Structures are given as structure tokens and as C-alpha cells.
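Okay, my_file31.txt now, which holds compact mmCIF, C-alpha atoms and all ligand atoms:
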# COMPACT_ATOMS: atom_id res chain seq x y z
CA MET G 293 6.51 -16.24 -11.14
CA LEU G 294 7.99 -12.74 -10.92
CA ASP G 295 11.43 -13.55 -12.32
CA GLY G 296 12.99 -10.52 -13.97
CA GLN G 297 10.42 -8.09 -12.54
CA THR G 298 11.34 -5.01 -10.53
CA CYS G 299 8.81 -4.08 -7.86
CA MET G 300 8.58 -0.82 -5.92
CA VAL G 301 6.76 -1.04 -2.58
CA THR G 302 6.16 2.22 -0.71
CA GLY G 303 6.27 2.05 3.08
CA SER G 304 7.93 -1.36 3.16
CA SER G 305 10.14 -1.00 6.24
CA ARG G 306 7.36 -2.37 8.47
CA GLY G 307 3.94 -4.02 8.53
CA ILE G 308 2.02 -4.95 5.40
CA GLY G 309 4.52 -3.30 3.05
CA ARG G 310 7.40 -5.28 4.53
CA GLY G 311 5.41 -8.50 4.07
CA ILE G 312 4.62 -7.59 0.45
CA ALA G 313 8.29 -6.80 -0.31
CA LEU G 314 9.42 -10.17 1.08
CA GLU G 315 6.64 -12.08 -0.69
CA LEU G 316 7.43 -10.52 -4.08
CA ALA G 317 11.14 -11.26 -3.61
CA GLU G 318 10.40 -14.87 -2.60
CA ASN G 319 8.68 -15.18 -5.97
CA GLY G 320 11.66 -13.95 -7.95
CA ALA G 321 11.30 -10.14 -8.03
CA ASP G 322 13.93 -7.50 -7.36
CA VAL G 323 12.51 -5.00 -4.89
CA VAL G 324 12.78 -1.33 -3.93
CA VAL G 325 12.12 -0.89 -0.21
CA ASN G 326 10.88 2.63 0.53
CA TYR G 327 10.68 4.10 4.02
CA ARG G 328 10.16 7.50 5.60
CA SER G 329 12.03 7.25 8.92
CA SER G 330 12.70 3.55 9.75
CA GLU G 331 16.11 3.31 8.11
CA GLY G 332 17.38 0.32 10.15
CA PRO G 333 14.29 -1.85 9.59
CA ALA G 334 14.31 -0.97 5.87
CA HIS G 335 17.91 -2.18 5.55
CA GLU G 336 16.98 -5.37 7.42
CA VAL G 337 14.30 -6.04 4.77
CA VAL G 338 16.93 -5.48 2.07
CA ASP G 339 19.28 -7.95 3.82
CA GLU G 340 16.50 -10.57 3.98
CA ILE G 341 15.80 -10.15 0.27
CA GLU G 342 19.49 -10.37 -0.64
CA ASP G 343 19.70 -13.59 1.40
CA MET G 344 17.04 -14.98 -0.99
CA GLY G 345 19.37 -14.20 -3.91
CA GLN G 346 17.38 -11.22 -5.21
CA THR G 347 18.48 -7.61 -5.62
CA ALA G 348 17.03 -4.98 -3.30
CA ILE G 349 17.71 -1.36 -2.40
CA ALA G 350 16.33 0.82 0.40
CA VAL G 351 15.35 4.36 -0.57
CA GLN G 352 14.22 7.05 1.84
CA ALA G 353 11.39 9.33 0.72
CA ASP G 354 8.33 10.87 2.30
CA VAL G 355 5.72 9.96 -0.29
CA ALA G 356 3.84 13.17 0.51
CA ASP G 357 6.79 15.22 -0.77
CA GLN G 358 6.79 15.42 -4.56
CA ASP G 359 10.47 16.39 -4.83
CA SER G 360 11.65 13.57 -2.61
CA VAL G 361 9.53 11.07 -4.57
CA GLN G 362 11.06 12.29 -7.84
CA ALA G 363 14.56 11.95 -6.31
CA MET G 364 13.63 8.41 -5.24
CA ALA G 365 12.45 7.58 -8.77
CA ASN G 366 15.72 8.91 -10.21
CA GLU G 367 17.73 6.74 -7.81
CA VAL G 368 15.61 3.67 -8.62
CA HIS G 369 16.02 4.23 -12.37
CA ASP G 370 19.78 4.70 -12.01
CA GLU G 371 20.24 1.55 -9.92
CA LEU G 372 17.59 -0.89 -11.16
CA GLY G 373 16.06 0.60 -14.31
CA GLU G 374 12.31 0.83 -14.90
CA VAL G 375 9.85 -0.76 -12.48
CA ASP G 376 7.22 -3.27 -13.58
CA VAL G 377 5.10 -3.19 -10.41
CA LEU G 378 4.27 -0.23 -8.15
CA VAL G 379 2.58 -1.03 -4.84
CA ASN G 380 1.26 2.16 -3.22
CA ASN G 381 1.20 0.89 0.35
CA ALA G 382 2.50 3.76 2.55
CA GLY G 383 -0.29 5.12 4.70
CA ILE G 384 -1.00 6.72 8.07
CA THR G 385 -3.87 7.27 10.46
CA ILE G 386 -4.58 10.28 12.69
CA ASP G 387 -7.77 9.09 14.37
CA LYS G 388 -10.17 11.53 16.06
CA VAL G 389 -13.93 11.92 16.17
CA PHE G 390 -14.94 14.62 13.72
CA ASP G 391 -15.72 17.04 16.59
CA ASN G 392 -12.02 17.04 17.50
CA MET G 393 -10.44 16.59 14.06
CA THR G 394 -8.38 19.63 13.05
CA HIS G 395 -7.64 20.89 9.58
CA ASP G 396 -4.02 19.73 10.07
CA ASP G 397 -5.21 16.19 11.01
CA TRP G 398 -7.28 16.12 7.83
CA GLN G 399 -4.59 17.63 5.63
CA ARG G 400 -1.70 15.37 6.66
CA VAL G 401 -3.69 12.17 6.08
CA MET G 402 -4.76 13.49 2.66
CA GLU G 403 -1.16 14.41 1.79
CA VAL G 404 0.26 10.97 2.67
CA ASN G 405 -2.56 8.58 1.75
CA LEU G 406 -3.80 10.29 -1.43
CA GLY G 407 -1.06 12.80 -2.26
CA GLY G 408 1.54 10.05 -1.83
CA VAL G 409 -0.33 7.81 -4.25
CA PHE G 410 -0.49 10.64 -6.79
CA ASN G 411 3.21 11.47 -6.39
CA CYS G 412 4.44 7.88 -6.70
CA THR G 413 2.09 6.94 -9.53
CA LYS G 414 3.15 10.08 -11.40
CA ALA G 415 6.86 9.35 -10.92
CA PHE G 416 6.56 5.73 -12.14
CA TRP G 417 3.74 6.21 -14.68
CA PRO G 418 6.01 6.05 -17.75
CA ASP G 419 7.45 2.76 -16.41
CA LEU G 420 4.00 1.24 -15.92
CA LYS G 421 2.96 2.18 -19.45
CA ALA G 422 6.20 1.06 -21.07
CA ALA G 423 6.20 -2.30 -19.29
CA ASN G 424 3.09 -3.49 -21.26
CA HIS G 425 2.43 -5.80 -18.34
CA GLY G 426 2.75 -3.09 -15.66
CA ARG G 427 0.92 -3.52 -12.38
CA LEU G 428 -0.30 -0.62 -10.23
CA ILE G 429 -1.57 -1.94 -6.89
CA ASN G 430 -3.10 0.49 -4.40
CA ILE G 431 -3.57 -0.60 -0.79
CA SER G 432 -6.95 0.68 0.34
CA SER G 433 -8.95 -0.59 3.34
CA VAL G 434 -12.30 -2.02 4.41
CA VAL G 435 -12.63 1.35 6.14
CA GLY G 436 -12.83 2.98 2.71
CA GLN G 437 -15.76 0.68 1.94
CA GLN G 438 -17.66 0.89 5.24
CA GLY G 439 -16.46 4.06 6.99
CA ASN G 440 -15.25 3.79 10.58
CA TYR G 441 -15.93 5.77 13.75
CA GLY G 442 -13.13 8.30 14.37
CA GLN G 443 -11.57 7.91 10.92
CA ALA G 444 -13.30 10.47 8.67
CA ASN G 445 -9.94 11.57 7.22
CA TYR G 446 -8.55 8.05 6.74
CA ALA G 447 -11.81 6.59 5.35
CA THR G 448 -12.02 9.42 2.82
CA THR G 449 -8.53 8.69 1.52
CA LYS G 450 -9.16 4.96 1.28
CA SER G 451 -12.48 5.50 -0.59
CA GLY G 452 -10.71 7.98 -2.85
CA LEU G 453 -8.40 5.23 -4.02
CA PHE G 454 -11.35 3.39 -5.59
CA GLY G 455 -12.11 6.27 -7.99
CA PHE G 456 -8.43 6.85 -8.68
CA THR G 457 -7.77 3.18 -9.41
CA ARG G 458 -10.74 2.72 -11.73
CA THR G 459 -9.78 5.83 -13.68
CA VAL G 460 -6.10 5.07 -14.15
CA ALA G 461 -7.05 1.48 -15.00
CA LEU G 462 -8.91 2.87 -18.02
CA GLU G 463 -5.91 5.01 -18.95
CA LEU G 464 -3.43 2.12 -18.64
CA ALA G 465 -5.56 -0.44 -20.43
CA SER G 466 -4.45 0.40 -23.96
CA GLU G 467 -0.87 -0.36 -22.87
CA GLY G 468 -1.78 -3.80 -21.49
CA SER G 469 -1.02 -2.68 -17.95
CA THR G 470 -3.45 -2.92 -15.04
CA ALA G 471 -4.46 -1.04 -11.88
CA ASN G 472 -6.26 -2.64 -8.95
CA CYS G 473 -6.95 -2.01 -5.27
CA VAL G 474 -6.44 -4.47 -2.46
CA ALA G 475 -8.67 -3.53 0.48
CA PRO G 476 -7.54 -5.35 3.64
CA GLY G 477 -9.65 -5.69 6.74
CA PHE G 478 -7.93 -5.21 10.09
CA VAL G 479 -4.35 -6.50 10.03
CA GLU G 480 -1.97 -7.20 12.95
CA THR G 481 0.59 -4.39 12.44
CA ASP G 482 1.76 -1.33 14.39
CA MET G 483 -1.24 0.53 12.95
CA LEU G 484 -3.70 -1.85 14.63
CA ALA G 485 -1.59 -1.96 17.80
CA ASP G 486 -2.48 1.72 18.30
CA VAL G 487 -6.19 0.81 18.59
CA PRO G 488 -7.42 0.52 22.21
CA ASP G 489 -8.37 -3.02 23.42
CA ARG G 490 -12.08 -2.21 23.88
CA VAL G 491 -12.27 -1.00 20.24
CA ARG G 492 -10.33 -4.08 19.02
CA ASP G 493 -12.88 -6.30 20.80
CA LYS G 494 -15.76 -4.50 19.07
CA ILE G 495 -14.07 -4.83 15.66
CA LEU G 496 -13.45 -8.54 16.21
CA GLN G 497 -17.17 -9.11 16.77
CA ARG G 498 -17.75 -7.83 13.21
CA ILE G 499 -15.32 -10.27 11.55
CA PRO G 500 -17.01 -13.56 10.51
CA LEU G 501 -13.68 -15.43 10.35
CA ASP G 502 -13.21 -14.36 14.01
CA ARG G 503 -9.62 -13.18 13.78
CA PHE G 504 -7.60 -10.22 12.60
CA ALA G 505 -5.61 -10.72 9.41
CA GLU G 506 -1.92 -11.60 9.49
CA VAL G 507 0.34 -9.77 7.04
CA ASP G 508 0.66 -13.01 5.02
CA ASP G 509 -3.10 -13.00 4.40
CA ILE G 510 -2.62 -9.78 2.44
CA SER G 511 0.81 -10.24 0.85
CA GLY G 512 -0.22 -13.43 -0.98
CA ILE G 513 -3.12 -11.61 -2.63
CA VAL G 514 -0.82 -8.77 -3.69
CA ARG G 515 1.60 -11.30 -5.15
CA PHE G 516 -1.26 -12.72 -7.24
CA VAL G 517 -2.25 -9.25 -8.47
CA ALA G 518 1.40 -8.54 -9.36
CA SER G 519 1.73 -11.80 -11.27
CA PRO G 520 0.96 -12.64 -14.93
CA GLU G 521 -2.00 -14.72 -13.67
CA SER G 522 -4.00 -11.53 -13.04
CA SER G 523 -3.43 -10.02 -16.50
CA TYR G 524 -7.18 -9.90 -17.40
CA MET G 525 -8.21 -8.20 -14.13
CA THR G 526 -8.18 -4.39 -13.91
CA GLY G 527 -10.03 -1.60 -12.11
CA GLN G 528 -11.07 -3.98 -9.33
CA VAL G 529 -11.22 -3.86 -5.56
CA LEU G 530 -10.15 -7.10 -3.89
CA ALA G 531 -11.70 -7.18 -0.41
CA VAL G 532 -9.53 -9.27 1.94
CA ASN G 533 -11.32 -8.76 5.22
CA GLY G 534 -12.37 -12.04 6.83
CA GLY G 535 -15.91 -11.73 5.47
CA MET G 536 -16.84 -8.29 6.83
CA GLU G 537 -19.89 -6.96 5.00
CA TRP G 538 -19.35 -4.64 2.07
P1 LIG L 1 2.35 0.49 9.55
O1 LIG L 1 2.64 -0.78 10.24
O2 LIG L 1 2.08 1.73 10.35
O3 LIG L 1 3.55 0.77 8.50
C1 LIG L 1 3.46 1.92 7.70
C2 LIG L 1 4.56 1.90 6.69
O4 LIG L 1 4.38 3.06 5.84
C3 LIG L 1 5.93 2.04 7.30
O5 LIG L 1 6.87 1.34 6.51
C4 LIG L 1 6.20 3.55 7.21
O6 LIG L 1 7.57 3.91 7.10
C5 LIG L 1 5.53 3.87 5.90
N1 LIG L 1 5.15 5.28 5.81
C6 LIG L 1 4.27 5.97 6.55
N2 LIG L 1 4.20 7.23 6.16
C7 LIG L 1 5.05 7.35 5.11
C8 LIG L 1 5.42 8.41 4.25
N3 LIG L 1 4.91 9.62 4.41
N4 LIG L 1 6.33 8.16 3.28
C9 LIG L 1 6.87 6.93 3.12
N5 LIG L 1 6.56 5.89 3.91
C10 LIG L 1 5.66 6.10 4.89
O7 LIG L 1 1.07 0.34 8.60
P2 LIG L 1 0.40 -0.97 7.99
O8 LIG L 1 -0.62 -1.44 8.94
O9 LIG L 1 1.43 -1.88 7.50
O10 LIG L 1 -0.39 -0.32 6.76
C11 LIG L 1 0.12 -0.34 5.44
C12 LIG L 1 -0.99 0.09 4.49
O11 LIG L 1 -2.09 -0.81 4.65
C13 LIG L 1 -1.53 1.48 4.75
O12 LIG L 1 -1.85 2.12 3.55
C14 LIG L 1 -2.79 1.22 5.55
O13 LIG L 1 -3.72 2.26 5.40
C15 LIG L 1 -3.26 -0.05 4.91
N6 LIG L 1 -4.15 -0.87 5.74
C16 LIG L 1 -3.76 -1.27 6.99
C17 LIG L 1 -4.65 -2.01 7.76
C18 LIG L 1 -4.31 -2.51 9.15
O14 LIG L 1 -5.22 -2.96 9.86
N7 LIG L 1 -3.05 -2.50 9.58
C19 LIG L 1 -5.90 -2.34 7.25
C20 LIG L 1 -6.25 -1.91 5.97
C21 LIG L 1 -5.36 -1.19 5.23
P3 LIG L 1 8.44 4.29 8.41
O15 LIG L 1 8.60 3.01 9.17
O16 LIG L 1 9.73 4.80 7.89
O17 LIG L 1 7.64 5.30 9.16
Target format C-alpha cells, applied to this file:
Amino acid sequence: MLDGQTCMVTGSSRGIGRGIALELAENGADVVVNYRSSEGPAHEVVDEIEDMGQTAIAVQADVADQDSVQAMANEVHDELGEVDVLVNNAGITIDKVFDNMTHDDWQRVMEVNLGGVFNCTKAFWPDLKAANHGRLINISSVVGQQGNYGQANYATTKSGLFGFTRTVALELASEGSTANCVAPGFVETDMLADVPDRVRDKILQRIPLDRFAEVDDISGIVRFVASPESSYMTGQVLAVNGGMEW
């Protein structure tokens, strides 16, 4: 389904990004695995993809750092050429009730979760336009739709992606390329492992399907959005959250 496509997945050394990278490769794509500090795990993802017979490279870059993102883009272009699909997945949380949230807590989450999306989209924008079937996929969150106690910074970034995605979708449309958001609910990754048990129990009570998502629940949807089957869908938010209200 993705034969001949090159896909760039930010933050794909672990968690949801790792699952997306493997899923896209299983469906025929060559993949760029980006990481910030998990060099070993990123190379393990590359090895798994190469075992499938696809090409993959691991590239270190902090998405919040414009210069390092541009250096990453240069390396990707030198080694694999233009990308067809950019998945802006890298994201962090620094959770505190607003009373205790500092300017630095606010700023760092903005720089990674929104600044990183700007930097990566900017660096690969010419590729997405030139591809004519380019796919920009931004990983948001149910928290951007509903808000969440102790996550004013994170929720703001994930809501911000809705406005960004709808706008760039309009600007890509004349090229035949699309931009969409996937908004997962709560997914079993290191990010959720940081949440205390009593809070996890409360969250679970709000999920009609009565379980947290597995990474595969999200990566299959991203594969669909990356594929030619989604070519008439743009500017949308796909909520993949076990039926949580929105
Ligand atoms: P995770 O397990 O904490 O993994 C985060 C990934 O992002 C890692 O590969 C990490 O790389 C990378 N990363 C973090 N900061 C980075 C930076 N500045 N530059 C480059 N890479 C960076 O997180 P996850 O749960 O998979 O979440 C992935 C995305 O899904 C995030 O955008 C998150 O907001 C969103 N999401 C998650 C959930 C959930 O419940 N887990 C729900 C909804 C949405 P290193 O390993 O090198 O640090």
C-alpha cells in the first residue's frame, strides 16, 4: 500500500512513534526514525525495519531546535531523497496543576509539541507540496479536545494542532496533498506509565471501551491516513479514544 513512499516519523524510538514507523514499513514504506536521546532503541527500530526488507535510517534531532531539524532534513534528503509522509509525533508532558506550573514548564512543552511541529513541517514543506500526494499527519490527543486536570500546557499544544492542521490543509490542497490530525485517547506507553495508579483508575472509568489503547490501535489509523485510500480526506481530526466524549 505504501510501496515506494518515504515516511518521516518524529519521536519514533519509543511508544506510539515506534509503532507507527513499524506499521508504515510493514506496508512497504521506507522510514526515517527520529529520536532525541534514545539512540539504541532508535537503531533497534531501524534493524526491525531492515529485517522486513525496507530501508530505514535513524536521525538524531531535538525537534524543538530549528537548526538541528534542518540538519536532519538535509541528512534525510541526502540519503533517501524527498519524503512523501511526515508524521509529527514527538511530544512531551510536564504535568502540574496551574498553581504550580512555571513559565519554564509552559515554555518547554510549547517548544517541543508546537515548535517542533512548526520546525519539522517547515523543513519538509517543499517535499509535501512536490509529492502531489503528500501526507502531513499530526499526533494530537483527546486532551486537546477535552482538557485534562494538571495539563494546561500540554492540552494547549494539542488543541493548537487542530488550528494548525486545518490551516495548512487549506494551503496544501491545491497541490493534492493533505493534512490531518490523529487524536489518540490514553495509550499504554512510557508517557502513560508516568501517571499515578489512582489517576489511571479515574481515567479508565471515562473510557466506554473499558481499556487503554495499545499502540497498534493508533498505528493502524495512521497507516490509513498515510495511504492513498485517504486521498479525499483533509483538515480532519480522527478521534481514536475508545469512545470518550468529544
Ligand atoms: P513516549 O512514549 O514518551 O515517546 C516519546 C517519543 O518522542 C520518544 O521517541 C522520544 O524520543 C521522542 N521525543 C520526545 N521529545 C523529543 C524531542 N524534543 N525531539 C525529538 N524527539 C522527541 O510518548 P508516546 O506516548 O509514544 O507519545 C507520542 C505522541 O503521542 C506524543 O505527541 C503524545 O503527546 C501523543 N499522545 C500520547 C498519548 C498517550 O497516552 N501515550 C495519548 C495521546 C497522544 P527519545 O526516546 O529519544 O526521548
### Query
How would you write, as a VMD selection string, the set of residues no farther than 7 Å from ligand LIG 1 (chain L) when counting only C-alpha atoms and all ligand atoms?
chain G and resid 302 to 310 326 to 331 353 to 356 381 to 384 404 to 405 431 to 434 475 to 484
### Query
Which is closest to Val529 of chain G among G:Arg503, G:Arg458, G:Arg498, G:Arg515, if we use all atoms listed in the file?
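Looking only at the distances to Val529 of chain G, the closest residue turns out to be G:Arg458.
The spacing separating atom CA of Phe416 of chain G from atom CA of Glu467 of chain G amounts to 14.4 Å.
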Contacts of Thr448 of chain G at 10 Å or less, counting all atoms listed in the file, minus same-chain residues fewer than 2 places along, as a JSON list (two decimals) with C-alpha atoms, keeping the file's coordinate frame?
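Saved result, around10.json, follows:
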[["chain", "number", "residue", "atom", "x", "y", "z"],
["G", 398, "TRP", "CA", -7.28, 16.12, 7.83],
["G", 401, "VAL", "CA", -3.69, 12.17, 6.08],
["G", 402, "MET", "CA", -4.76, 13.49, 2.66],
["G", 405, "ASN", "CA", -2.56, 8.58, 1.75],
["G", 406, "LEU", "CA", -3.80, 10.29, -1.43],
["G", 435, "VAL", "CA", -12.63, 1.35, 6.14],
["G", 436, "GLY", "CA", -12.83, 2.98, 2.71],
["G", 437, "GLN", "CA", -15.76, 0.68, 1.94],
["G", 439, "GLY", "CA", -16.46, 4.06, 6.99],
["G", 443, "GLN", "CA", -11.57, 7.91, 10.92],
["G", 444, "ALA", "CA", -13.30, 10.47, 8.67],
["G", 445, "ASN", "CA", -9.94, 11.57, 7.22],
["G", 446, "TYR", "CA", -8.55, 8.05, 6.74],
["G", 450, "LYS", "CA", -9.16, 4.96, 1.28],
["G", 451, "SER", "CA", -12.48, 5.50, -0.59],
["G", 452, "GLY", "CA", -10.71, 7.98, -2.85],
["G", 453, "LEU", "CA", -8.40, 5.23, -4.02]]
### Task
Find, counting all atoms listed in the file, the residue in G:Pro488, G:Gly407, G:Pro418, G:Gly296 that gets nearest to Ser519 of chain G.
G:Gly296
### Task
Might you pull out every residue within 12 Å of Val514 of chain G, with all atoms listed in the file counted and same-chain residues fewer than 5 positions away left off, and present them as a ChimeraX atom specification?
/G:299,301,308-309,311-316,319,377-381,427-432,471-476,507-509,519,521-522,529-532
Return as AutoDock Vina command-line options the centre and edge lengths, in Å with one decimal, of the box along x, y and z that encloses every atom of segment 496-502 of chain G in the file, padded by 4 Å per side.
--center_x -15.5 --center_y -11.6 --center_z 13.6 --size_x 12.5 --size_y 15.6 --size_z 14.4
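Relative to atom CA of Ala465 of chain G, atom CA of Gln297 of chain G is found at 19.4 Å.
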### Pick from G:Val491, G:Leu496, G:Ala423, G:Met300, whichever lies nearest to Leu464 of chain G using all atoms listed in the file
G:Ala423
### Query
So which one's closest to Met393 of chain G, G:Gly426, G:Gly512, G:Pro500, G:Gly442? Using all atoms listed in the file, please.
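Of the candidates, the smallest distance to Met393 of chain G is held by G:Gly442.
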### Query
Can you tell me how far atom CA of Asp396 of chain G sits from atom CA of Ser360 of chain G, in Å to one decimal?
21.1 Å
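Closest approach to Ala350 of chain G among G:Val325, G:Leu462, G:Leu372, G:Ala415 is made by G:Val325 (distances from all atoms listed in the file).
Restricting the calculation to all atoms listed in the file, the smallest distance between Asp376 of chain G and any of G:Ala317, G:Ala422, G:Met344, G:Val389 is found for G:Ala422.
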